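**Q** Below is the structure I would like to discuss, written out as structure tokens.
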Amino acid sequence: MQRLQAEGFDLTQATVSRDLKQLQAGKKPDPDKGSVFFITEPELASMSKETIDGRLLLSGIRSVIFANNFGVVKTLPGYASSIAVHIDKHNRFEIIGTIAGDDTILLIPGQNIDHNQMKKALKMIFPELQDHFFRKG
């Protein structure tokens with residue numbers, strides 16, 4: 001938890017546990033630390049840090065709603081700031097910035113960008129983001 005928080009992730013223990021389960025991380029006893037989590041080398045080697053970050057954050061997205069020129073991402077509590085940072089890091093021209101609360105992110109589109117273009121940009125950032133997440137407000 002401390003290492004994730006140092007990297008800018010604002011997560012609860014329950015969130016971390018759920019994400020570790022999704023990554024299929026194993027848990028083993030350690031004489032010094034009590035227990036440690038691990039991902040086997042073949043699984044880890046096949047995933048980039050970007051993929052791991054995206055998958056962990058994707059599990060926190062509940063919906064994306066478009067209204068007027070803006071998009072609103074609804075997340076699980078505590079996920080919004082980390083997801084917003086992940087979106088901003090990608091510097092997509094379709095989304096010039098985000099404003100995040102605890103469980104809501106405002107997506108600010110670039111000039112003359114429509115909802116479909118923002119949706120495609122989000123799918124580039126989160127390749128596993130499914131169409132059922134998107135709605136019109």
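Convention: chains lettered A, B, ... in structure tokens order; per-chain residue numbering from 1; ligands numbered from 1 as shown.
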Considering only C-alpha atoms, return as a list of chain:residue names whatever protein or nucleic-acid residues lie within 10 Å of A:Asp114, sequence-local ones (same chain, fewer than 5 positions apart) excluded.
**A**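 Near neighbours after the sequence-gap exclusion: A:Phe66, A:Asn68, A:Asn69, A:Phe70, A:Gly71, A:Glu94, A:Pro109, A:Lys119.
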**Q** Generate the output file for the selected residues, N, CA and C atoms, as an mmCIF file, in the first residue's frame.
**A**
data_model
loop_
_atom_site.group_PDB
_atom_site.id
_atom_site.type_symbol
_atom_site.label_atom_id
_atom_site.label_comp_id
_atom_site.auth_asym_id
_atom_site.auth_seq_id
_atom_site.Cartn_x
_atom_site.Cartn_y
_atom_site.Cartn_z
ATOM 1 N N PHE A 66 -21.382 10.957 -21.593
ATOM 2 C CA PHE A 66 -21.112 12.160 -22.374
ATOM 3 C C PHE A 66 -22.326 13.072 -22.334
ATOM 4 N N ASN A 68 -23.295 17.319 -23.497
ATOM 5 C CA ASN A 68 -22.773 18.524 -24.142
ATOM 6 C C ASN A 68 -21.400 18.187 -24.722
ATOM 7 N N ASN A 69 -20.391 18.963 -24.422
ATOM 8 C CA ASN A 69 -19.060 18.688 -24.972
ATOM 9 C C ASN A 69 -18.178 17.870 -24.042
ATOM 10 N N PHE A 70 -18.671 17.547 -22.866
ATOM 11 C CA PHE A 70 -17.826 16.936 -21.846
ATOM 12 C C PHE A 70 -18.104 15.449 -21.668
ATOM 13 N N GLY A 71 -17.143 14.790 -21.010
ATOM 14 C CA GLY A 71 -17.309 13.416 -20.586
ATOM 15 C C GLY A 71 -17.149 13.357 -19.079
ATOM 16 N N GLU A 94 -7.345 14.492 -28.000
ATOM 17 C CA GLU A 94 -8.797 14.496 -27.860
ATOM 18 C C GLU A 94 -9.247 14.930 -26.468
ATOM 19 N N PRO A 109 -12.635 18.008 -23.406
ATOM 20 C CA PRO A 109 -12.218 17.659 -24.773
ATOM 21 C C PRO A 109 -11.399 18.766 -25.421
ATOM 22 N N LYS A 119 -14.263 8.835 -27.007
ATOM 23 C CA LYS A 119 -14.435 7.410 -26.711
ATOM 24 C C LYS A 119 -13.269 6.606 -27.293
#
**Q** Select, from A:Gln2, A:Asn91, A:Thr104, A:Ser17, the residue with the minimum atom-to-atom distance to A:Lys74, counting only C-alpha atoms.
**A**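 With only C-alpha atoms as the atom set, the closest residue is A:Thr104.
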**Q** Based on DSSP run over this structure's backbone, return all residues of chain A in strand (DSSP E), as a count of residues only.
**A** 38
**Q** Would you please extract all helix (DSSP H, G or I) residues from stretch 79-112 of chain A, as assigned by DSSP on the backbone, and give them as a list in words?
**A**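 Filtering stretch 79-112 of chain A down to helix (DSSP H, G or I) leaves Ala80, Ser81, Ser82, Ile83, Ala84, Val85, His86, Ile87, Asp88 and Lys89 of chain A.
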**Q** Selection from above, C-alpha atoms, as a tab-separated table (two decimals), in the first residue's frame, can you write it?
**A**
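In the end it all went to part.tsv:
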chain	number	residue	atom	x	y	z
A	80	ALA	CA	-10.72	8.88	-9.74
A	81	SER	CA	-7.43	10.68	-9.12
A	82	SER	CA	-5.29	7.73	-10.22
A	83	ILE	CA	-7.37	7.15	-13.35
A	84	ALA	CA	-7.25	10.87	-14.18
A	85	VAL	CA	-3.44	10.91	-13.85
A	86	HIS	CA	-3.26	7.85	-16.13
A	87	ILE	CA	-5.45	9.59	-18.74
A	88	ASP	CA	-3.42	12.82	-18.51
A	89	LYS	CA	-0.10	10.95	-18.87
**Q** Could you tell me how far atom CA of A:Arg18 sits from atom CA of A:Arg3, in Å to one decimal place?
**A**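 According to the coordinates, atom CA of A:Arg3 and atom CA of A:Arg18 are separated by 16.8 Å.
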**Q** Given only C-alpha atoms as the basis, pick out the residue of A:Thr15, A:Asn116, A:Ser63, A:Gln5 nearest to A:Leu129.
**A** A:Ser63
**Q** Could you check how far atom CA of A:Met1 sits from atom CA of A:Ser59, in Å to one decimal?
**A** 17.1 Å
